[in-house]
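K.L.:
Below is the structure I would like to discuss, written out as structure tokens.
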Amino acid sequence: MEPSSTEGGAEETLLKNNPPCPPPKLILKHGQELEEEQEELAEHQPLEQEDLNFERWKRRPLPKRTLHQKIDDVKTYLWNAETNEFMGRSGKSWSLILLFYAALYLFLAAMFGGCMFCLMWSISPYHPTYNDRVMPPGMTMAPHLEGHEIAFNASDHKSWRKYARSMEEYLKPYGDAVQERKNIRCTHDAYFMQDDLEESAERKACQFKRSWLGECSGLKDPHYGYSQGRPCILLRMNRILGYLPGQGKPINVTCGVKKGPAEALGDLEFFPKSIFDMKYYPYYGKLRHVNYSSPVVAVRFAGVQYDAHIQVQCKLNGKGIINDSPTDRYLGSVTFSLDVGA
């Protein structure tokens with residue numbers, strides 16, 4: 001059954017008089033759009049003359065502080081009585097900081113001590129832990145003052161006195177009385193092996209007396225031949241821990257002219273002889289070979305010509321010895337200039 005026309009007309013009249021309200025969201029949206037439009041219009045408005053005055057926008061300088069104010073600020077920084085803070089921190093804050101750093105440094109000290117303990121426990125103070133390759137020995141000489149140069153006049157004692165003093169200082173530990181008191185007399189002609197002793201046990205050393213150097217000992221001639229124009233020098237092979245030079249045979253020493261006339265060198269005299277005896281080897285180090293005295297070979301230039309500027313080279317000769325290295329001039333040899341004047 002269809003509805004009557006009277007009812008339909010009443011509904012249309014109500015809708016015309018009271019239109020439906022839009023949702024609240026639409027009103028809010030329209031309000032926001034209106035505000036945005038107003039802001040855009042305000043941005044495009046021309047600036048007033050007062051706005052263009054930039055002086056008014058400059059930062060005003062702070063008033064200059066007096067010395068008393070600065071001192072008061074420092075005092076407040078050191079101790080603030082209102083907040084009970086020292087240098088900007090409370091007592092609790094300082095306690096936590098000190099506790100943190102104390103724990104940190106205690107940890108670092110413990111770690112360092114542990115590493116040092118492990119290191120010292122794993123190595124021996126008497127010999128190297130790893131000694132796979134032993135280089136051949138070098139050679140040194142005395143006197144050695146101003147480089148490897150010996151230049152003097154026999155008639156001028158001031159020119160050679162420094163060389164005689166250097167020789168005397170070098171030979172003091174080789175005094176006969178000192179050697180007899182500290183070391184033993186060795187007669188065998190072989191290596192003095194003492195490996196059967198405990199690692200920390202002190203090793204014995206063979207005597208090397210100063211009197212064995214003859215004319216170069218300084219006992220008969222305290223000037224060591226320099227006052228006569230016949231100077232002496234001392235040659236010593238460098239110490240190498242556990243090294244056995246010569247592979248069962250003594251090391252020989254020779255000297256010759258490297259630069260200059262060969263005949264200017266003249267005759268040479270060696271004391272006690274021109275070799276390094278095997279009985280002084282091997283060397284066991286300072287902690288075990290306490291009284292060890294390195295053997296020396298004294299060379300006397302008995303026939304050197306006056307005013308002959310020559311360069312002399314003394315070499316070690318033997319098995320396993322290198323004396324012609326192009327990079328290390330002290331390996332197995334020593335070179336010095338010799339200039340003797342009347």
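Please note that chains go A, B, ... in the order of the structure tokens, that every chain numbers its residues from 1, and that ligands are numbered from 1 in the order shown.
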For Gly229 of chain A, list every protein, DNA or RNA residue within 9 Å, evaluated using only C-alpha atoms, and leave out those in the same chain fewer than 3 positions away; present the list as a list in words.

P.N.:
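After dropping sequence-adjacent residues, the list is Phe152, Asn153, Ala154, Ser155, Gly225, Tyr226, Phe301, Ala302, Gly303, Val304, Gln305, Tyr306, Val340, Gly341 and Ala342 of chain A.
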
K.L.:
Near Asn238 of chain A, within 6 Å and counting only C-alpha atoms, which residues show up once chain neighbours fewer than 6 positions away are dropped, as an MDAnalysis selection string?

P.N.:
chainID A and resid 137:139

K.L.:
Could you give me, as a tab-separated table, a per-residue list for segment 111-192 of chain A showing, wherever an atom lies at most 12 Å from an atom of segment 313-332 of chain A, the closest pair of atoms and their distance in Å to one decimal, using only C-alpha atoms and sorting by chain then residue number from low to high?

P.N.:
```
residue	atom	partner	partner_atom	distance
A:Val134	CA	A:Gly320	CA	10.5
A:Met135	CA	A:Leu331	CA	9.1
A:Pro136	CA	A:Ile321	CA	5.7
A:Pro137	CA	A:Gly332	CA	5.9
A:Gly138	CA	A:Leu331	CA	4.1
A:Met139	CA	A:Gly332	CA	5.7
A:Thr140	CA	A:Tyr330	CA	7.5
A:Met141	CA	A:Cys314	CA	9.6
A:His148	CA	A:Gln313	CA	10.7
A:Glu149	CA	A:Gln313	CA	11.9
```

K.L.:
Got time to write the residues from that selection, N, CA, C and O atoms, as a PDB file, in the first residue's frame?

P.N.:
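Okay, again33.pdb is ready:
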```
ATOM      1  N   VAL A 134     123.623 -16.415  15.095  1.00  0.00           N
ATOM      2  CA  VAL A 134     124.650 -15.646  15.792  1.00  0.00           C
ATOM      3  C   VAL A 134     125.556 -15.012  14.746  1.00  0.00           C
ATOM      4  O   VAL A 134     126.175 -15.709  13.936  1.00  0.00           O
ATOM      5  N   MET A 135     125.634 -13.694  14.766  1.00  0.00           N
ATOM      6  CA  MET A 135     126.485 -12.988  13.831  1.00  0.00           C
ATOM      7  C   MET A 135     127.951 -13.151  14.218  1.00  0.00           C
ATOM      8  O   MET A 135     128.276 -13.283  15.400  1.00  0.00           O
ATOM      9  N   PRO A 136     128.847 -13.156  13.238  1.00  0.00           N
ATOM     10  CA  PRO A 136     130.281 -13.190  13.559  1.00  0.00           C
ATOM     11  C   PRO A 136     130.687 -11.968  14.365  1.00  0.00           C
ATOM     12  O   PRO A 136     130.039 -10.917  14.303  1.00  0.00           O
ATOM     13  N   PRO A 137     131.737 -12.078  15.149  1.00  0.00           N
ATOM     14  CA  PRO A 137     132.107 -10.971  16.029  1.00  0.00           C
ATOM     15  C   PRO A 137     132.759  -9.815  15.277  1.00  0.00           C
ATOM     16  O   PRO A 137     133.364  -9.978  14.218  1.00  0.00           O
ATOM     17  N   GLY A 138     132.650  -8.641  15.882  1.00  0.00           N
ATOM     18  CA  GLY A 138     133.389  -7.479  15.413  1.00  0.00           C
ATOM     19  C   GLY A 138     134.653  -7.318  16.227  1.00  0.00           C
ATOM     20  O   GLY A 138     134.991  -8.149  17.082  1.00  0.00           O
ATOM     21  N   MET A 139     135.362  -6.231  15.968  1.00  0.00           N
ATOM     22  CA  MET A 139     136.619  -6.005  16.669  1.00  0.00           C
ATOM     23  C   MET A 139     136.729  -4.528  17.028  1.00  0.00           C
ATOM     24  O   MET A 139     136.381  -3.652  16.235  1.00  0.00           O
ATOM     25  N   THR A 140     137.220  -4.268  18.235  1.00  0.00           N
ATOM     26  CA  THR A 140     137.432  -2.909  18.708  1.00  0.00           C
ATOM     27  C   THR A 140     138.906  -2.713  19.033  1.00  0.00           C
ATOM     28  O   THR A 140     139.666  -3.689  19.134  1.00  0.00           O
ATOM     29  N   MET A 141     139.277  -1.456  19.223  1.00  0.00           N
ATOM     30  CA  MET A 141     140.670  -1.141  19.471  1.00  0.00           C
ATOM     31  C   MET A 141     140.789  -0.096  20.573  1.00  0.00           C
ATOM     32  O   MET A 141     139.822   0.583  20.910  1.00  0.00           O
ATOM     33  N   HIS A 148     138.763   6.857  14.932  1.00  0.00           N
ATOM     34  CA  HIS A 148     139.833   5.904  14.683  1.00  0.00           C
ATOM     35  C   HIS A 148     140.995   6.631  13.998  1.00  0.00           C
ATOM     36  O   HIS A 148     141.252   6.474  12.804  1.00  0.00           O
ATOM     37  N   GLU A 149     141.666   7.437  14.813  1.00  0.00           N
ATOM     38  CA  GLU A 149     142.777   8.225  14.292  1.00  0.00           C
ATOM     39  C   GLU A 149     143.855   8.342  15.368  1.00  0.00           C
ATOM     40  O   GLU A 149     143.565   8.718  16.509  1.00  0.00           O
TER      41      GLU A 149
END
```

K.L.:
Excluding same-chain residues fewer than 2 positions from segment 256-261 of chain A, what lies within 10 Å of it counting only C-alpha atoms, as a ChimeraX atom specification?

P.N.:
/A:254,263-266,268,308-315,335-338

K.L.:
Could the residues in this selection be written to a file with N, CA, C and O atoms, as a PDB file, in the first residue's frame?

P.N.:
```
ATOM      1  N   THR A 254     145.771 -10.254  11.779  1.00  0.00           N
ATOM      2  CA  THR A 254     146.753  -9.693  10.844  1.00  0.00           C
ATOM      3  C   THR A 254     146.462  -8.211  10.666  1.00  0.00           C
ATOM      4  O   THR A 254     145.312  -7.771  10.746  1.00  0.00           O
ATOM      5  N   GLU A 263     155.248  -0.087   2.375  1.00  0.00           N
ATOM      6  CA  GLU A 263     156.529  -0.172   3.072  1.00  0.00           C
ATOM      7  C   GLU A 263     156.608   0.780   4.264  1.00  0.00           C
ATOM      8  O   GLU A 263     157.497   0.646   5.117  1.00  0.00           O
ATOM      9  N   ALA A 264     155.676   1.741   4.365  1.00  0.00           N
ATOM     10  CA  ALA A 264     155.720   2.700   5.466  1.00  0.00           C
ATOM     11  C   ALA A 264     155.301   2.071   6.796  1.00  0.00           C
ATOM     12  O   ALA A 264     155.597   2.624   7.852  1.00  0.00           O
ATOM     13  N   LEU A 265     154.651   0.925   6.747  1.00  0.00           N
ATOM     14  CA  LEU A 265     154.190   0.301   7.992  1.00  0.00           C
ATOM     15  C   LEU A 265     155.336  -0.337   8.764  1.00  0.00           C
ATOM     16  O   LEU A 265     155.368  -0.278   9.994  1.00  0.00           O
ATOM     17  N   GLY A 266     156.273  -0.923   8.069  1.00  0.00           N
ATOM     18  CA  GLY A 266     157.420  -1.545   8.737  1.00  0.00           C
ATOM     19  C   GLY A 266     157.046  -2.842   9.439  1.00  0.00           C
ATOM     20  O   GLY A 266     156.017  -3.468   9.176  1.00  0.00           O
ATOM     21  N   LEU A 268     155.946  -5.415  12.478  1.00  0.00           N
ATOM     22  CA  LEU A 268     154.928  -5.433  13.525  1.00  0.00           C
ATOM     23  C   LEU A 268     155.294  -6.476  14.567  1.00  0.00           C
ATOM     24  O   LEU A 268     155.850  -7.536  14.254  1.00  0.00           O
ATOM     25  N   ALA A 308     154.427   9.480   7.518  1.00  0.00           N
ATOM     26  CA  ALA A 308     153.796   8.663   6.472  1.00  0.00           C
ATOM     27  C   ALA A 308     152.312   8.536   6.816  1.00  0.00           C
ATOM     28  O   ALA A 308     151.937   7.854   7.778  1.00  0.00           O
ATOM     29  N   HIS A 309     151.497   9.208   6.078  1.00  0.00           N
ATOM     30  CA  HIS A 309     150.056   9.200   6.327  1.00  0.00           C
ATOM     31  C   HIS A 309     149.476   7.912   5.740  1.00  0.00           C
ATOM     32  O   HIS A 309     149.267   7.816   4.524  1.00  0.00           O
ATOM     33  N   ILE A 310     149.245   6.957   6.601  1.00  0.00           N
ATOM     34  CA  ILE A 310     148.753   5.659   6.140  1.00  0.00           C
ATOM     35  C   ILE A 310     147.469   5.301   6.887  1.00  0.00           C
ATOM     36  O   ILE A 310     147.186   5.810   7.975  1.00  0.00           O
ATOM     37  N   GLN A 311     146.719   4.402   6.284  1.00  0.00           N
ATOM     38  CA  GLN A 311     145.511   3.862   6.895  1.00  0.00           C
ATOM     39  C   GLN A 311     145.715   2.366   7.093  1.00  0.00           C
ATOM     40  O   GLN A 311     145.969   1.629   6.135  1.00  0.00           O
ATOM     41  N   VAL A 312     145.623   1.937   8.344  1.00  0.00           N
ATOM     42  CA  VAL A 312     145.925   0.560   8.718  1.00  0.00           C
ATOM     43  C   VAL A 312     144.621  -0.178   8.986  1.00  0.00           C
ATOM     44  O   VAL A 312     143.691   0.371   9.598  1.00  0.00           O
ATOM     45  N   GLN A 313     144.570  -1.434   8.561  1.00  0.00           N
ATOM     46  CA  GLN A 313     143.421  -2.288   8.816  1.00  0.00           C
ATOM     47  C   GLN A 313     143.887  -3.587   9.458  1.00  0.00           C
ATOM     48  O   GLN A 313     144.756  -4.272   8.926  1.00  0.00           O
ATOM     49  N   CYS A 314     143.299  -3.916  10.619  1.00  0.00           N
ATOM     50  CA  CYS A 314     143.577  -5.170  11.312  1.00  0.00           C
ATOM     51  C   CYS A 314     142.348  -6.056  11.200  1.00  0.00           C
ATOM     52  O   CYS A 314     141.223  -5.594  11.435  1.00  0.00           O
ATOM     53  N   LYS A 315     142.578  -7.341  10.882  1.00  0.00           N
ATOM     54  CA  LYS A 315     141.488  -8.254  10.609  1.00  0.00           C
ATOM     55  C   LYS A 315     141.560  -9.492  11.492  1.00  0.00           C
ATOM     56  O   LYS A 315     142.639  -9.902  11.937  1.00  0.00           O
ATOM     57  N   THR A 335     139.619  -0.390  11.220  1.00  0.00           N
ATOM     58  CA  THR A 335     140.475   0.436  10.370  1.00  0.00           C
ATOM     59  C   THR A 335     140.720   1.772  11.067  1.00  0.00           C
ATOM     60  O   THR A 335     139.794   2.378  11.619  1.00  0.00           O
ATOM     61  N   PHE A 336     141.967   2.213  11.034  1.00  0.00           N
ATOM     62  CA  PHE A 336     142.328   3.477  11.680  1.00  0.00           C
ATOM     63  C   PHE A 336     143.475   4.115  10.900  1.00  0.00           C
ATOM     64  O   PHE A 336     144.236   3.431  10.182  1.00  0.00           O
ATOM     65  N   SER A 337     143.587   5.410  11.040  1.00  0.00           N
ATOM     66  CA  SER A 337     144.676   6.138  10.390  1.00  0.00           C
ATOM     67  C   SER A 337     145.833   6.292  11.377  1.00  0.00           C
ATOM     68  O   SER A 337     145.626   6.499  12.568  1.00  0.00           O
ATOM     69  N   LEU A 338     147.068   6.225  10.861  1.00  0.00           N
ATOM     70  CA  LEU A 338     148.267   6.301  11.674  1.00  0.00           C
ATOM     71  C   LEU A 338     149.201   7.333  11.069  1.00  0.00           C
ATOM     72  O   LEU A 338     149.614   7.212   9.915  1.00  0.00           O
TER      73      LEU A 338
END
```

K.L.:
Would you mind telling me which residue in A:Leu241, A:Ala142, A:Ile123, A:Leu98 lies nearest to Lys162 of chain A when using only C-alpha atoms?

P.N.:
A:Ala142

K.L.:
Identify which of the residues A:Asp72, A:Glu202, A:Glu180, A:Glu168 lies closest to Pro222 of chain A, counting only C-alpha atoms when measuring atom-to-atom distances.

P.N.:
A:Glu168

K.L.:
Which residue is closest to Gly218 of chain A? Choose from A:Thr83, A:Ser159, A:Ser166, A:Gln194 and count only C-alpha atoms.

P.N.:
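Among A:Thr83, A:Ser159, A:Ser166, A:Gln194, it is A:Ser166 that comes nearest to Gly218 of chain A.
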
K.L.:
To one decimal in Å, tell me the separation between atom CA of Val297 of chain A and atom CA of Pro173 of chain A.

P.N.:
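Pair atom CA of Val297 of chain A / atom CA of Pro173 of chain A returns 15.2 Å.
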
K.L.:
Name the residues of segment 22-270 of chain A that fall into strand (DSSP E) according to DSSP on the backbone, using the chain letters and numbers of this document, as a list in words.

P.N.:
Met139, Thr140, Met141, Ala142, Glu149, Ile150, Ala151, Phe152, Asn153, Cys232, Ile233, Leu234, Leu235, Arg236, Met237, Ile251, Asn252, Val253, Thr254, Cys255, Gly256, Val257, Lys258, Lys259, Leu268, Glu269 and Phe270 of chain A

K.L.:
With only C-alpha atoms as the basis for distance, which of A:Tyr126, A:Tyr224, A:Trp94, A:Phe271 is at the shortest distance from Gly242 of chain A?

P.N.:
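The closest residue to Gly242 of chain A is A:Tyr126.
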
K.L.:
Out of segment 28-215 of chain A, which residues get helix (DSSP H, G or I) from DSSP, as a ChimeraX atom specification?

P.N.:
/A:28-43,54-57,67-78,91-122,157-174,176-182,210-215

K.L.:
Report as a ChimeraX atom specification all protein, DNA and RNA residues lying within 10 Å of Cys206 of chain A, evaluated on only C-alpha atoms, omitting residues in the same chain fewer than 5 positions from it.

P.N.:
/A:179-180,182-187,192,279-281,291-295
